[in-house]
>>> print(open('final_22.pdb').read())   # PDB, C-alpha atoms
ATOM      1  CA  MET A  31      91.108 109.421-157.309  1.00  0.00           C
ATOM      2  CA  ARG A  32      89.707 112.910-157.920  1.00  0.00           C
ATOM      3  CA  GLY A  33      90.732 116.383-156.953  1.00  0.00           C
ATOM      4  CA  GLY A  34      94.298 116.202-158.227  1.00  0.00           C
ATOM      5  CA  GLY A  35      93.893 119.197-160.530  1.00  0.00           C
ATOM      6  CA  ARG A  36      95.007 119.443-164.130  1.00  0.00           C
ATOM      7  CA  GLY A  37      98.535 120.434-163.127  1.00  0.00           C
ATOM      8  CA  SER A  38      99.169 117.408-160.891  1.00  0.00           C
ATOM      9  CA  ALA A  39     100.170 113.868-161.754  1.00  0.00           C
ATOM     10  CA  VAL A  40      96.669 112.671-160.910  1.00  0.00           C
ATOM     11  CA  GLY A  41      95.198 115.407-163.079  1.00  0.00           C
ATOM     12  CA  HIS A  42      97.379 114.405-166.028  1.00  0.00           C
ATOM     13  CA  GLY A  43      96.303 110.809-165.483  1.00  0.00           C
ATOM     14  CA  GLU A  44      92.627 111.800-165.657  1.00  0.00           C
ATOM     15  CA  THR A  45      93.266 113.788-168.847  1.00  0.00           C
ATOM     16  CA  HIS A  46      94.941 110.783-170.483  1.00  0.00           C
ATOM     17  CA  LEU A  47      92.161 108.454-169.391  1.00  0.00           C
ATOM     18  CA  ASP A  48      89.490 110.827-170.712  1.00  0.00           C
ATOM     19  CA  GLN A  49      91.277 111.189-174.021  1.00  0.00           C
ATOM     20  CA  GLY A  50      91.760 107.460-174.168  1.00  0.00           C
ATOM     21  CA  SER A  51      88.081 106.730-173.739  1.00  0.00           C
ATOM     22  CA  HIS A  52      87.202 109.097-176.598  1.00  0.00           C
ATOM     23  CA  ALA A  53      89.849 107.566-178.848  1.00  0.00           C
ATOM     24  CA  PHE A  54      88.576 104.034-178.251  1.00  0.00           C
ATOM     25  CA  SER A  55      84.984 105.030-178.824  1.00  0.00           C
ATOM     26  CA  GLY A  56      85.785 107.035-181.982  1.00  0.00           C
ATOM     27  CA  THR A  57      86.374 105.810-185.482  1.00  0.00           C
ATOM     28  CA  LEU A  58      90.174 105.890-185.140  1.00  0.00           C
ATOM     29  CA  GLY A  59      90.095 102.971-182.737  1.00  0.00           C
ATOM     30  CA  ALA A  60      92.736 101.502-180.453  1.00  0.00           C
ATOM     31  CA  GLN A  61      95.624 101.793-182.886  1.00  0.00           C
ATOM     32  CA  THR A  62      95.229 105.555-183.198  1.00  0.00           C
ATOM     33  CA  PHE A  63      94.966 105.873-179.422  1.00  0.00           C
ATOM     34  CA  LEU A  64      98.227 104.029-178.853  1.00  0.00           C
ATOM     35  CA  GLU A  65     100.064 105.940-181.546  1.00  0.00           C
ATOM     36  CA  GLY A  66      98.861 109.297-180.237  1.00  0.00           C
ATOM     37  CA  HIS A  67      99.795 108.586-176.632  1.00  0.00           C
ATOM     38  CA  ARG A  68     103.025 106.664-177.093  1.00  0.00           C
ATOM     39  CA  ARG A  69     105.151 109.719-176.448  1.00  0.00           C
ATOM     40  CA  ARG A  70     103.085 110.887-173.499  1.00  0.00           C
ATOM     41  CA  VAL A  71     103.117 107.660-171.468  1.00  0.00           C
ATOM     42  CA  PRO A  72     106.753 107.864-170.230  1.00  0.00           C
ATOM     43  CA  HIS A  73     106.191 111.457-169.141  1.00  0.00           C
ATOM     44  CA  PHE A  74     102.984 110.465-167.361  1.00  0.00           C
ATOM     45  CA  LEU A  75     104.691 107.578-165.541  1.00  0.00           C
ATOM     46  CA  ASP A  76     107.454 109.923-164.389  1.00  0.00           C
ATOM     47  CA  LYS A  77     104.772 112.208-162.928  1.00  0.00           C
ATOM     48  CA  VAL A  78     103.151 109.296-161.089  1.00  0.00           C
ATOM     49  CA  ARG A  79     106.515 108.096-159.743  1.00  0.00           C
ATOM     50  CA  ASP A  80     107.401 111.572-158.491  1.00  0.00           C
ATOM     51  CA  ALA A  81     103.986 111.979-156.860  1.00  0.00           C
ATOM     52  CA  VAL A  82     104.266 108.618-155.062  1.00  0.00           C
ATOM     53  CA  ALA A  83     107.819 109.388-153.918  1.00  0.00           C
ATOM     54  CA  TYR A  84     106.677 112.748-152.548  1.00  0.00           C
ATOM     55  CA  LEU A  85     103.766 111.222-150.634  1.00  0.00           C
ATOM     56  CA  VAL A  86     105.951 108.469-149.147  1.00  0.00           C
ATOM     57  CA  ALA A  87     108.618 110.961-148.050  1.00  0.00           C
ATOM     58  CA  TRP A  88     105.982 113.235-146.513  1.00  0.00           C
ATOM     59  CA  GLY A  89     104.380 110.323-144.672  1.00  0.00           C
ATOM     60  CA  LEU A  90     107.694 109.092-143.262  1.00  0.00           C
ATOM     61  CA  GLU A  91     108.596 112.588-142.112  1.00  0.00           C
ATOM     62  CA  HIS A  92     105.296 113.204-140.325  1.00  0.00           C
ATOM     63  CA  ARG A  93     104.369 109.767-139.017  1.00  0.00           C
ATOM     64  CA  VAL A  94     104.248 109.093-135.280  1.00  0.00           C
ATOM     65  CA  LEU A  95     105.267 105.583-134.273  1.00  0.00           C
ATOM     66  CA  GLY A  96     103.965 105.989-130.747  1.00  0.00           C
ATOM     67  CA  PRO A  97     104.011 103.122-128.265  1.00  0.00           C
ATOM     68  CA  ILE A  98     104.013  99.693-129.915  1.00  0.00           C
ATOM     69  CA  ARG A  99     102.938  96.741-127.791  1.00  0.00           C
ATOM     70  CA  ALA A 100     102.875  93.946-130.378  1.00  0.00           C
ATOM     71  CA  ILE A 101     104.578  93.318-133.698  1.00  0.00           C
ATOM     72  CA  GLY A 102     104.539  90.527-136.257  1.00  0.00           C
ATOM     73  CA  VAL A 103     107.391  89.701-138.613  1.00  0.00           C
ATOM     74  CA  ASP A 104     107.219  87.584-141.752  1.00  0.00           C
ATOM     75  CA  GLU A 105     108.693  87.399-145.224  1.00  0.00           C
ATOM     76  CA  ILE A 106     107.266  87.305-148.719  1.00  0.00           C
ATOM     77  CA  GLN A 107     108.922  85.930-151.828  1.00  0.00           C
ATOM     78  CA  TYR A 108     109.027  88.037-154.975  1.00  0.00           C
ATOM     79  CA  GLY A 109     110.437  87.673-158.448  1.00  0.00           C
ATOM     80  CA  LYS A 110     112.193  84.533-159.645  1.00  0.00           C
ATOM     81  CA  GLY A 111     114.469  82.521-157.403  1.00  0.00           C
ATOM     82  CA  HIS A 112     114.919  82.964-153.675  1.00  0.00           C
ATOM     83  CA  LYS A 113     114.278  86.676-153.341  1.00  0.00           C
ATOM     84  CA  TYR A 114     112.557  87.786-150.153  1.00  0.00           C
ATOM     85  CA  LEU A 115     111.318  90.901-148.411  1.00  0.00           C
ATOM     86  CA  THR A 116     111.007  91.141-144.628  1.00  0.00           C
ATOM     87  CA  LEU A 117     107.786  92.753-143.423  1.00  0.00           C
ATOM     88  CA  VAL A 118     107.100  94.013-139.900  1.00  0.00           C
ATOM     89  CA  TYR A 119     103.574  94.887-138.789  1.00  0.00           C
ATOM     90  CA  GLN A 120     102.157  96.512-135.718  1.00  0.00           C
ATOM     91  CA  ILE A 121      99.388  94.210-134.492  1.00  0.00           C
ATOM     92  CA  ASP A 122      98.119  96.033-131.427  1.00  0.00           C
ATOM     93  CA  LEU A 123      94.466  95.771-130.518  1.00  0.00           C
ATOM     94  CA  GLY A 124      92.811  98.568-132.474  1.00  0.00           C
ATOM     95  CA  CYS A 125      95.927  99.410-134.522  1.00  0.00           C
ATOM     96  CA  THR A 126      97.151  97.155-137.314  1.00  0.00           C
ATOM     97  CA  ARG A 127      99.570  98.661-139.827  1.00  0.00           C
ATOM     98  CA  LEU A 128     102.639  97.918-141.876  1.00  0.00           C
ATOM     99  CA  LEU A 129     105.633  99.464-140.141  1.00  0.00           C
ATOM    100  CA  TRP A 130     108.603  98.489-142.269  1.00  0.00           C
ATOM    101  CA  ILE A 131     109.807  96.582-145.344  1.00  0.00           C
ATOM    102  CA  GLY A 132     113.402  95.418-145.787  1.00  0.00           C
ATOM    103  CA  LYS A 133     115.252  93.547-148.511  1.00  0.00           C
ATOM    104  CA  GLU A 134     116.120  89.898-147.887  1.00  0.00           C
ATOM    105  CA  ARG A 135     115.382  87.961-144.682  1.00  0.00           C
ATOM    106  CA  THR A 136     118.671  88.157-142.827  1.00  0.00           C
ATOM    107  CA  VAL A 137     119.872  89.203-139.388  1.00  0.00           C
ATOM    108  CA  LYS A 138     121.127  92.467-140.852  1.00  0.00           C
ATOM    109  CA  THR A 139     117.754  93.166-142.442  1.00  0.00           C
ATOM    110  CA  PHE A 140     115.765  92.648-139.254  1.00  0.00           C
ATOM    111  CA  ARG A 141     118.240  94.654-137.186  1.00  0.00           C
ATOM    112  CA  GLU A 142     117.614  97.608-139.491  1.00  0.00           C
ATOM    113  CA  PHE A 143     113.984  97.656-138.348  1.00  0.00           C
ATOM    114  CA  PHE A 144     114.955  97.982-134.689  1.00  0.00           C
ATOM    115  CA  ALA A 145     117.489 100.659-135.599  1.00  0.00           C
ATOM    116  CA  MET A 146     114.657 102.548-137.297  1.00  0.00           C
ATOM    117  CA  ILE A 147     112.275 102.489-134.319  1.00  0.00           C
ATOM    118  CA  GLY A 148     115.043 103.028-131.749  1.00  0.00           C
ATOM    119  CA  PRO A 149     115.730 101.399-128.360  1.00  0.00           C
ATOM    120  CA  GLU A 150     113.073 103.394-126.496  1.00  0.00           C
ATOM    121  CA  VAL A 151     110.222 102.048-128.642  1.00  0.00           C
ATOM    122  CA  SER A 152     111.795  98.568-128.788  1.00  0.00           C
ATOM    123  CA  ALA A 153     111.916  98.362-124.989  1.00  0.00           C
ATOM    124  CA  LYS A 154     108.126  98.782-124.771  1.00  0.00           C
ATOM    125  CA  ILE A 155     107.240  95.938-127.146  1.00  0.00           C
ATOM    126  CA  GLU A 156     105.489  93.184-125.180  1.00  0.00           C
ATOM    127  CA  PHE A 157     104.666  90.601-127.858  1.00  0.00           C
ATOM    128  CA  VAL A 158     106.417  89.473-131.046  1.00  0.00           C
ATOM    129  CA  CYS A 159     104.745  87.015-133.423  1.00  0.00           C
ATOM    130  CA  SER A 160     107.123  85.222-135.786  1.00  0.00           C
ATOM    131  CA  ASP A 161     107.843  81.924-137.459  1.00  0.00           C
ATOM    132  CA  MET A 162     110.792  79.724-136.481  1.00  0.00           C
ATOM    133  CA  TRP A 163     113.298  81.283-138.896  1.00  0.00           C
ATOM    134  CA  LYS A 164     116.515  81.363-136.830  1.00  0.00           C
ATOM    135  CA  PRO A 165     117.732  84.835-137.938  1.00  0.00           C
ATOM    136  CA  TYR A 166     114.442  86.307-136.697  1.00  0.00           C
ATOM    137  CA  LEU A 167     114.578  84.472-133.382  1.00  0.00           C
ATOM    138  CA  GLY A 168     118.118  85.628-132.692  1.00  0.00           C
ATOM    139  CA  VAL A 169     117.358  89.288-133.367  1.00  0.00           C
ATOM    140  CA  ILE A 170     114.191  89.157-131.249  1.00  0.00           C
ATOM    141  CA  ARG A 171     116.179  87.696-128.350  1.00  0.00           C
ATOM    142  CA  ASP A 172     118.829  90.398-128.722  1.00  0.00           C
ATOM    143  CA  LYS A 173     116.716  93.480-129.418  1.00  0.00           C
ATOM    144  CA  CYS A 174     113.440  92.631-127.729  1.00  0.00           C
ATOM    145  CA  SER A 175     114.308  90.278-124.887  1.00  0.00           C
ATOM    146  CA  GLN A 176     111.501  91.552-122.650  1.00  0.00           C
ATOM    147  CA  ALA A 177     108.835  90.547-125.178  1.00  0.00           C
ATOM    148  CA  LEU A 178     106.953  87.265-125.308  1.00  0.00           C
ATOM    149  CA  ASN A 179     107.833  85.554-128.614  1.00  0.00           C
ATOM    150  CA  ILE A 180     104.700  83.888-129.988  1.00  0.00           C
ATOM    151  CA  LEU A 181     105.560  81.315-132.645  1.00  0.00           C
ATOM    152  CA  ASP A 182     103.409  80.859-135.718  1.00  0.00           C
ATOM    153  CA  ARG A 183     101.027  77.931-135.188  1.00  0.00           C
ATOM    154  CA  PHE A 184     101.330  76.848-138.830  1.00  0.00           C
ATOM    155  CA  HIS A 185     105.066  76.232-138.504  1.00  0.00           C
ATOM    156  CA  ILE A 186     104.727  74.484-135.143  1.00  0.00           C
ATOM    157  CA  VAL A 187     102.119  72.079-136.555  1.00  0.00           C
ATOM    158  CA  ALA A 188     104.316  71.463-139.613  1.00  0.00           C
ATOM    159  CA  LYS A 189     107.287  70.601-137.367  1.00  0.00           C
ATOM    160  CA  VAL A 190     105.170  68.252-135.217  1.00  0.00           C
ATOM    161  CA  ASN A 191     103.733  66.525-138.283  1.00  0.00           C
ATOM    162  CA  LYS A 192     107.210  66.035-139.751  1.00  0.00           C
ATOM    163  CA  ALA A 193     108.475  64.557-136.480  1.00  0.00           C
ATOM    164  CA  LEU A 194     105.518  62.158-136.333  1.00  0.00           C
ATOM    165  CA  ASP A 195     106.029  61.146-139.951  1.00  0.00           C
ATOM    166  CA  ASP A 196     109.731  60.441-139.319  1.00  0.00           C
ATOM    167  CA  ILE A 197     108.817  58.245-136.328  1.00  0.00           C
ATOM    168  CA  ARG A 198     106.105  56.444-138.328  1.00  0.00           C
ATOM    169  CA  ALA A 199     108.459  55.784-141.245  1.00  0.00           C
ATOM    170  CA  GLY A 200     111.182  54.520-138.893  1.00  0.00           C
ATOM    171  CA  GLU A 201     108.804  52.143-137.109  1.00  0.00           C
ATOM    172  CA  ALA A 202     107.499  50.860-140.451  1.00  0.00           C
ATOM    173  CA  ARG A 203     111.050  50.040-141.572  1.00  0.00           C
ATOM    174  CA  ARG A 204     111.817  48.327-138.251  1.00  0.00           C
ATOM    175  CA  MET A 205     108.657  46.191-138.419  1.00  0.00           C
ATOM    176  CA  LYS A 206     109.444  45.142-141.978  1.00  0.00           C
ATOM    177  CA  ARG A 207     113.019  44.282-141.017  1.00  0.00           C
ATOM    178  CA  ASP A 208     111.820  42.175-138.049  1.00  0.00           C
ATOM    179  CA  GLY A 209     109.398  40.235-140.205  1.00  0.00           C
ATOM    180  CA  TYR A 210     106.190  41.920-139.176  1.00  0.00           C
ATOM    181  CA  GLU A 211     103.589  43.329-141.536  1.00  0.00           C
ATOM    182  CA  PRO A 212     104.469  47.043-142.072  1.00  0.00           C
ATOM    183  CA  VAL A 213     101.024  48.307-141.127  1.00  0.00           C
ATOM    184  CA  LEU A 214     102.323  51.878-140.690  1.00  0.00           C
ATOM    185  CA  THR A 215     103.582  52.198-144.272  1.00  0.00           C
ATOM    186  CA  LYS A 216     100.498  54.008-145.577  1.00  0.00           C
ATOM    187  CA  SER A 217      99.172  55.429-142.325  1.00  0.00           C
ATOM    188  CA  ALA A 218     100.486  58.988-142.520  1.00  0.00           C
ATOM    189  CA  GLY A 219      96.933  60.353-142.599  1.00  0.00           C
ATOM    190  CA  ALA A 220      96.149  58.716-139.273  1.00  0.00           C
ATOM    191  CA  PHE A 221      98.682  60.961-137.573  1.00  0.00           C
ATOM    192  CA  SER A 222      97.414  64.180-139.151  1.00  0.00           C
ATOM    193  CA  SER A 223      96.727  67.003-136.712  1.00  0.00           C
ATOM    194  CA  GLY A 224      93.781  68.253-138.766  1.00  0.00           C
ATOM    195  CA  PRO A 225      90.210  68.064-137.426  1.00  0.00           C
ATOM    196  CA  ARG A 226      88.332  64.817-137.893  1.00  0.00           C
ATOM    197  CA  THR A 227      85.220  64.912-140.024  1.00  0.00           C
ATOM    198  CA  SER A 228      83.455  62.570-137.615  1.00  0.00           C
ATOM    199  CA  PRO A 229      84.244  61.223-134.142  1.00  0.00           C
ATOM    200  CA  PRO A 230      85.975  57.822-134.044  1.00  0.00           C
ATOM    201  CA  THR A 231      83.812  54.761-133.347  1.00  0.00           C
ATOM    202  CA  ARG A 232      84.574  53.217-129.993  1.00  0.00           C
ATOM    203  CA  LYS A 233      84.244  49.485-129.520  1.00  0.00           C
TER     204      LYS A 233
END
>>> encode(input="final_22.pdb", output="structure tokens")
Amino acid sequence: MRGGGRGSAVGHGETHLDQGSHAFSGTLGAQTFLEGHRRRVPHFLDKVRDAVAYLVAWGLEHRVLGPIRAIGVDEIQYGKGHKYLTLVYQIDLGCTRLLWIGKERTVKTFREFFAMIGPEVSAKIEFVCSDMWKPYLGVIRDKCSQALNILDRFHIVAKVNKALDDIRAGEARRMKRDGYEPVLTKSAGAFSSGPRTSPPTRK
């Protein structure tokens, strides 16, 4: 990133990087570099934080949401334990962007997104792509009832595979109990929904 000027956070960053390169290449070495810049680093990080906060605030103030036809909602896990962030994207043809990030993956969290965009924009959403997480489905039904809810294929396939595996395991137990050879015990792969590497041989 260039053009920040010596008085800006970016400019200070360039100055530190330039000085750092000279320190490493000189006879004083890395230890001298770290000692000489130890006091400057916190000040530099404060400058970077302030610059990022300013840019984010400016962007939020001047952004135009415009009509949104399609959105996608998902969560990501961060940190240790069950900590999640809810992410909402605009996935219109020709316009893909991150619209919103909220803490946790709850009904309250997702409702905050619709409060942010307002009922007028929400009413024009035609498609919502989501997984089968119940809090998401309930909010979509409440706040975006006119939209077609497209469920994530990955989760649908996982649900189907689990149902098939439960049936297979149950039939294997029944066959064993009735005295038949439990031929389905190790046949989970036969019910996989994945593509076959070669077509089956017909007899």
>>> closest_atom_pairs(input="final_22.pdb", of="region 67-149 of chain A", to="region 158-180 of chain A", cutoff="8 Å", atoms="all atoms listed in the file", output="tab-separated table")
residue	atom	partner	partner_atom	distance
A:Ala100	CA	A:Val158	CA	5.7
A:Ile101	CA	A:Val158	CA	5.0
A:Gly102	CA	A:Cys159	CA	4.5
A:Val103	CA	A:Ser160	CA	5.3
A:Asp104	CA	A:Ser160	CA	6.4
A:Arg135	CA	A:Pro165	CA	7.8
A:Thr136	CA	A:Pro165	CA	6.0
A:Val137	CA	A:Pro165	CA	5.1
A:Phe140	CA	A:Val169	CA	7.0
A:Arg141	CA	A:Val169	CA	6.6
A:Phe144	CA	A:Lys173	CA	7.2
>>> write_last_selection(input="final_22.pdb", atoms="C-alpha atoms", output="PDB file, in the coordinates of the input")
ATOM      1  CA  ALA A 100     102.875  93.946-130.378  1.00  0.00           C
ATOM      2  CA  ILE A 101     104.578  93.318-133.698  1.00  0.00           C
ATOM      3  CA  GLY A 102     104.539  90.527-136.257  1.00  0.00           C
ATOM      4  CA  VAL A 103     107.391  89.701-138.613  1.00  0.00           C
ATOM      5  CA  ASP A 104     107.219  87.584-141.752  1.00  0.00           C
ATOM      6  CA  ARG A 135     115.382  87.961-144.682  1.00  0.00           C
ATOM      7  CA  THR A 136     118.671  88.157-142.827  1.00  0.00           C
ATOM      8  CA  VAL A 137     119.872  89.203-139.388  1.00  0.00           C
ATOM      9  CA  PHE A 140     115.765  92.648-139.254  1.00  0.00           C
ATOM     10  CA  ARG A 141     118.240  94.654-137.186  1.00  0.00           C
ATOM     11  CA  PHE A 144     114.955  97.982-134.689  1.00  0.00           C
TER      12      PHE A 144
END
>>> residues_near_point(input="final_22.pdb", point="(101.4, 95.4, -132.4)", cutoff="7 Å", atoms="all atoms listed in the file", output="number ranges by chain")
A: 98-102, 119-122, 126
>>> write_last_selection(input="final_22.pdb", atoms="C-alpha atoms", output="PDB file, in the coordinates of the input")
ATOM      1  CA  ILE A  98     104.013  99.693-129.915  1.00  0.00           C
ATOM      2  CA  ARG A  99     102.938  96.741-127.791  1.00  0.00           C
ATOM      3  CA  ALA A 100     102.875  93.946-130.378  1.00  0.00           C
ATOM      4  CA  ILE A 101     104.578  93.318-133.698  1.00  0.00           C
ATOM      5  CA  GLY A 102     104.539  90.527-136.257  1.00  0.00           C
ATOM      6  CA  TYR A 119     103.574  94.887-138.789  1.00  0.00           C
ATOM      7  CA  GLN A 120     102.157  96.512-135.718  1.00  0.00           C
ATOM      8  CA  ILE A 121      99.388  94.210-134.492  1.00  0.00           C
ATOM      9  CA  ASP A 122      98.119  96.033-131.427  1.00  0.00           C
ATOM     10  CA  THR A 126      97.151  97.155-137.314  1.00  0.00           C
TER      11      THR A 126
END
>>> resolve_selection(input="final_22.pdb", expression="the PyMOL selection byres ((chain A and resi 184-190) around 10)", output="PyMOL selection string")
chain A and resi 160-163+181-183+191-196+222-224
>>> atom_distance(input="final_22.pdb", atom1="CA of Val118 (chain A)", atom2="CA of Ile131 (chain A)")
6.6 Å
>>> atom_distance(input="final_22.pdb", atom1="CA of Tyr108 (chain A)", atom2="CA of Trp130 (chain A)")
16.5 Å
>>> atom_distance(input="final_22.pdb", atom1="CA of Glu105 (chain A)", atom2="CA of Leu128 (chain A)")
12.6 Å
